[in-house]
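Participant: Data file protein.cif (mmCIF, C-alpha atoms and all ligand atoms) is appended below.
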```
data_run
loop_
_atom_site.label_atom_id
_atom_site.label_comp_id
_atom_site.auth_asym_id
_atom_site.auth_seq_id
_atom_site.Cartn_x
_atom_site.Cartn_y
_atom_site.Cartn_z
CA MET A 1 18.57 10.76 23.49
CA ALA A 2 17.03 8.97 20.55
CA LYS A 3 13.34 9.27 19.79
CA THR A 4 11.19 6.68 18.10
CA VAL A 5 9.14 7.52 15.00
CA ARG A 6 6.54 5.22 13.48
CA LEU A 7 5.90 5.07 9.74
CA GLU A 8 2.55 4.18 8.20
CA PRO A 9 1.12 2.49 6.20
CA ILE A 10 4.28 0.38 6.07
CA ALA A 11 4.10 -0.28 9.85
CA GLN A 12 7.78 0.28 10.55
CA GLN A 13 9.58 2.25 13.16
CA SER A 14 12.91 3.91 13.39
CA SER A 15 14.80 5.95 15.92
CA VAL A 16 16.37 9.33 15.36
CA GLU A 17 18.54 11.55 17.55
CA THR A 18 16.61 14.33 19.30
CA ASN A 19 16.44 17.26 16.90
CA GLY A 20 17.13 15.03 13.90
CA ASN A 21 14.77 15.62 10.99
CA LEU A 22 12.10 13.27 9.69
CA LEU A 23 13.87 13.05 6.35
CA SER A 24 16.71 11.15 8.02
CA VAL A 25 14.12 8.73 9.43
CA LEU A 26 12.76 8.06 5.94
CA LEU A 27 16.23 7.63 4.48
CA ASN A 28 17.18 5.30 7.33
CA LYS A 29 14.43 3.03 6.21
CA ASP A 30 15.74 3.04 2.65
CA LEU A 31 12.63 4.80 1.44
CA GLU A 32 13.12 6.49 -1.88
CA VAL A 33 12.86 10.19 -1.27
CA LEU A 34 13.81 12.25 -4.28
CA LYS A 35 14.91 15.26 -2.14
CA GLU A 36 14.55 17.32 -5.26
CA CYS A 37 15.53 20.57 -3.54
CA GLY A 38 18.27 18.98 -1.45
CA GLY A 39 16.45 19.32 1.85
CA ARG A 40 15.88 23.06 1.54
CA GLY A 41 12.14 23.02 2.18
CA MET A 42 11.24 23.97 -1.38
CA CYS A 43 9.76 20.89 -3.04
CA ALA A 44 7.01 18.33 -2.52
CA THR A 45 9.14 15.23 -2.60
CA CYS A 46 9.56 14.87 1.16
CA HIS A 47 5.93 15.78 1.92
CA ILE A 48 4.38 13.58 4.62
CA TYR A 49 1.33 13.64 6.88
CA VAL A 50 1.66 13.56 10.66
CA GLN A 51 -0.92 11.11 12.02
CA SER A 52 -0.11 11.88 15.63
CA GLY A 53 2.52 13.46 17.81
CA ALA A 54 2.61 16.77 15.90
CA GLU A 55 3.51 18.51 19.16
CA SER A 56 6.71 16.44 19.29
CA LEU A 57 7.97 18.13 16.13
CA THR A 58 9.51 21.58 15.72
CA PRO A 59 6.92 24.12 14.44
CA VAL A 60 6.41 24.84 10.73
CA ASN A 61 8.80 27.55 9.54
CA ARG A 62 8.04 30.27 6.98
CA ARG A 63 9.64 28.61 4.01
CA GLU A 64 7.95 25.31 4.81
CA GLN A 65 4.62 27.10 5.09
CA ARG A 66 5.11 28.73 1.68
CA THR A 67 5.99 25.42 0.04
CA LEU A 68 3.06 23.59 1.65
CA GLU A 69 0.70 26.20 0.21
CA VAL A 70 1.73 25.12 -3.29
CA ILE A 71 1.39 21.38 -2.70
CA THR A 72 -1.98 20.27 -4.08
CA SER A 73 -2.36 17.32 -1.71
CA CYS A 74 -1.61 19.44 1.35
CA LYS A 75 -3.77 18.87 4.44
CA THR A 76 -3.73 20.46 7.88
CA ASN A 77 -1.38 17.72 9.12
CA SER A 78 1.09 18.07 6.24
CA ARG A 79 4.78 18.61 6.93
CA LEU A 80 7.99 18.60 4.95
CA ALA A 81 10.17 15.82 6.36
CA CYS A 82 13.38 17.78 5.81
CA GLN A 83 12.13 20.70 7.92
CA ALA A 84 10.35 18.89 10.75
CA ARG A 85 12.74 17.95 13.57
CA VAL A 86 11.83 15.41 16.20
CA ILE A 87 11.92 16.76 19.76
CA GLY A 88 9.63 14.30 21.55
CA GLU A 89 8.06 10.86 21.50
CA GLY A 90 4.89 9.64 19.82
CA VAL A 91 5.38 10.85 16.24
CA VAL A 92 3.51 8.76 13.67
CA VAL A 93 4.16 9.66 10.03
CA GLU A 94 1.99 8.71 7.08
CA LEU A 95 3.67 8.50 3.71
CA PRO A 96 1.56 9.88 0.84
CA PRO A 97 0.98 7.36 -1.96
CA GLY A 98 2.60 7.94 -5.32
CA MET A 99 5.95 8.40 -6.94
CA TYR A 100 7.56 11.74 -7.69
CA VAL A 101 9.10 12.27 -11.09
CA ASN A 102 11.62 14.99 -11.69
CA SER A 103 11.41 15.30 -15.44
CA LEU A 104 9.30 14.35 -18.40
CA GLN A 105 12.10 11.98 -19.35
CA ASP A 106 11.28 9.95 -16.24
CA ILE A 107 7.78 9.45 -17.58
CA GLU A 108 8.98 8.86 -21.12
CA ALA A 109 10.95 5.86 -19.87
CA LEU A 110 7.65 4.36 -18.72
CA ILE A 111 5.75 4.72 -22.02
CA GLY A 112 3.80 1.59 -22.87
CA ARG A 113 3.45 0.53 -19.23
CA ARG A 114 0.71 1.10 -16.73
CA ALA A 115 1.58 3.44 -13.90
CA GLU A 116 1.99 1.24 -10.82
CA GLN A 117 1.19 4.17 -8.60
CA ASN A 118 0.29 7.81 -9.08
CA LEU A 119 3.11 9.75 -10.69
CA LEU A 120 3.49 13.08 -8.94
CA HIS A 121 4.91 16.48 -9.76
CA PRO A 122 7.94 17.18 -7.55
CA ILE A 123 7.04 20.76 -6.67
CA THR A 124 3.26 20.78 -6.43
CA GLY A 125 2.61 17.10 -5.71
CA ALA A 126 -0.08 17.22 -8.44
CA VAL A 127 -0.97 13.84 -9.96
CA LEU A 128 0.54 13.76 -13.46
CA VAL A 129 -0.51 10.20 -14.27
CA GLU A 130 -2.98 8.19 -12.21
CA ALA A 131 -2.15 4.69 -11.01
CA GLY A 132 -3.37 2.02 -13.43
CA LYS A 133 -3.37 4.34 -16.47
CA LEU A 134 -1.46 3.32 -19.53
CA ILE A 135 1.37 5.75 -20.17
CA THR A 136 1.28 6.74 -23.82
CA ARG A 137 3.09 9.13 -26.07
CA SER A 138 -0.02 11.28 -26.45
CA MET A 139 -0.20 11.52 -22.69
CA MET A 140 3.32 12.87 -22.72
CA LYS A 141 2.24 15.46 -25.26
CA GLN A 142 -0.66 16.48 -23.05
CA LEU A 143 1.62 16.78 -20.08
CA GLU A 144 3.90 19.02 -22.05
CA ASP A 145 0.94 21.21 -22.96
CA THR A 146 -0.63 21.47 -19.54
CA GLU A 147 -0.09 24.41 -17.33
CA THR A 148 1.45 22.21 -14.67
CA ASN A 149 4.20 21.41 -17.03
CA SER A 150 5.00 24.91 -18.06
CA SER A 151 6.61 24.98 -14.61
CA PHE A 152 7.99 21.48 -14.92
CA LYS A 153 11.55 22.58 -15.45
CA VAL A 154 12.51 21.79 -11.90
CA SER A 155 16.11 22.91 -12.07
CA GLU A 156 15.03 26.28 -13.45
CA PHE A 157 12.48 26.60 -10.70
CA PHE A 158 15.16 26.18 -8.06
CA LYS A 159 17.48 28.55 -9.85
CA GLN A 160 14.80 31.22 -9.81
CA SER A 161 13.86 30.61 -6.19
CA SER A 162 17.39 30.76 -4.92
CA GLU A 163 17.95 34.01 -6.82
CA SER A 164 14.83 35.61 -5.36
S1 LIG B 201 13.58 17.73 0.29
FE1 LIG B 201 12.62 19.36 -0.73
S2 LIG B 201 11.31 20.14 0.74
FE2 LIG B 201 12.23 18.54 1.77
#
```
Mind turning this structure into structure tokens?
Facilitator:
Amino acid sequence: MAKTVRLEPIAQQSSVETNGNLLSVLLNKDLEVLKECGGRGMCATCHIYVQSGAESLTPVNRREQRTLEVITSCKTNSRLACQARVIGEGVVVELPPGMYVNSLQDIEALIGRRAEQNLLHPITGAVLVEAGKLITRSMMKQLEDTETNSSFKVSEFFKQSSES
């Protein structure tokens, strides 16, 4: 039987088959989810907060737990939408603000514009550029130099993790 899930702050709801994951709910609503790791529970791009109904979701698994520990905006009600499956009613999901970028090239394309929303790192969820800031070439340089970005080669990160 289908279960209903509510999405905030966009005040929408969607139904999902019992045992379907929250990621399918987000995709149903045409929300842009980067799914950087392909739904394997290893990135930040499907990170959401559960406002209520946490008991109607399958429990956090080990891999999910490990990934959540790396996400800088993680709270006690954080889940990864690709790992959390809906088994009951009453789930309310809050979408974190911001846009995930999967390479410095993504940001480069935005040089000269103001970030409309926070630009986020796809693995750690760290804010790379704050909303309202002008994106400049020197900012790009800084990003390249920061520690966050020494691990910014997302594809290499996944290669390493799947080998380990
Ligand atoms: S899509 Fe990467 S953790 Fe869910």
Participant: Could you list, as a ChimeraX atom specification, all protein and nucleic acid residues with an atom at most 8 Å from ligand LIG 201 (chain B), counting all atoms listed in the file?
Facilitator: /A:23,33-47,64,67,80-83
Participant: Would you export the selected residues with C-alpha atoms as a PDB file, in the frame of the given file, please?
Facilitator:
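Everything below was put into out.pdb:
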```pdb
ATOM      1  CA  LEU A  23      13.870  13.050   6.350  1.00  0.00           C
ATOM      2  CA  VAL A  33      12.860  10.190  -1.270  1.00  0.00           C
ATOM      3  CA  LEU A  34      13.810  12.250  -4.280  1.00  0.00           C
ATOM      4  CA  LYS A  35      14.910  15.260  -2.140  1.00  0.00           C
ATOM      5  CA  GLU A  36      14.550  17.320  -5.260  1.00  0.00           C
ATOM      6  CA  CYS A  37      15.530  20.570  -3.540  1.00  0.00           C
ATOM      7  CA  GLY A  38      18.270  18.980  -1.450  1.00  0.00           C
ATOM      8  CA  GLY A  39      16.450  19.320   1.850  1.00  0.00           C
ATOM      9  CA  ARG A  40      15.880  23.060   1.540  1.00  0.00           C
ATOM     10  CA  GLY A  41      12.140  23.020   2.180  1.00  0.00           C
ATOM     11  CA  MET A  42      11.240  23.970  -1.380  1.00  0.00           C
ATOM     12  CA  CYS A  43       9.760  20.890  -3.040  1.00  0.00           C
ATOM     13  CA  ALA A  44       7.010  18.330  -2.520  1.00  0.00           C
ATOM     14  CA  THR A  45       9.140  15.230  -2.600  1.00  0.00           C
ATOM     15  CA  CYS A  46       9.560  14.870   1.160  1.00  0.00           C
ATOM     16  CA  HIS A  47       5.930  15.780   1.920  1.00  0.00           C
ATOM     17  CA  GLU A  64       7.950  25.310   4.810  1.00  0.00           C
ATOM     18  CA  THR A  67       5.990  25.420   0.040  1.00  0.00           C
ATOM     19  CA  LEU A  80       7.990  18.600   4.950  1.00  0.00           C
ATOM     20  CA  ALA A  81      10.170  15.820   6.360  1.00  0.00           C
ATOM     21  CA  CYS A  82      13.380  17.780   5.810  1.00  0.00           C
ATOM     22  CA  GLN A  83      12.130  20.700   7.920  1.00  0.00           C
TER      23      GLN A  83
END
```
Participant: Could you tell me how far atom CA of Leu143 of chain A sits from atom CA of Tyr49 of chain A, in Å to one decimal place?
Facilitator: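 Atom CA of Leu143 of chain A lies 27.1 Å from atom CA of Tyr49 of chain A.
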Participant: Which residues are close to Asn28 of chain A, i.e. within 9 Å by all atoms listed in the file, leaving aside same-chain residues fewer than 4 positions away? Reply as a list in words.
Facilitator: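 Within the cut-off, the hits are Ser14, Ser15, Leu23 and Ser24 of chain A.
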Participant: Store the residues picked out above in a file with C-alpha atoms, as a tab-separated table (two decimals), keeping the file's coordinate frame.
Facilitator:
```
chain	number	residue	atom	x	y	z
A	14	SER	CA	12.91	3.91	13.39
A	15	SER	CA	14.80	5.95	15.92
A	23	LEU	CA	13.87	13.05	6.35
A	24	SER	CA	16.71	11.15	8.02
```
Participant: Would you please work out which residue, of A:Leu104, A:Val86, A:Ile123, A:Ala131, is nearest to Glu55 of chain A when using only C-alpha atoms?
Facilitator: A:Val86
Participant: Pick out the residues sitting within 7 Å of segment 88-96 of chain A, and hand them over as a ChimeraX atom specification; count only C-alpha atoms, and ignore anything fewer than 3 positions along from it in its own chain.
Facilitator: /A:3-9,48-54,56-57
Participant: How would the residues just chosen look if you wrote them out with C-alpha atoms as a compact mmCIF listing (two decimals), in the frame of the given file?
Facilitator:
```
# COMPACT_ATOMS: atom_id res chain seq x y z
CA LYS A 3 13.34 9.27 19.79
CA THR A 4 11.19 6.68 18.10
CA VAL A 5 9.14 7.52 15.00
CA ARG A 6 6.54 5.22 13.48
CA LEU A 7 5.90 5.07 9.74
CA GLU A 8 2.55 4.18 8.20
CA PRO A 9 1.12 2.49 6.20
CA ILE A 48 4.38 13.58 4.62
CA TYR A 49 1.33 13.64 6.88
CA VAL A 50 1.66 13.56 10.66
CA GLN A 51 -0.92 11.11 12.02
CA SER A 52 -0.11 11.88 15.63
CA GLY A 53 2.52 13.46 17.81
CA ALA A 54 2.61 16.77 15.90
CA SER A 56 6.71 16.44 19.29
CA LEU A 57 7.97 18.13 16.13
```
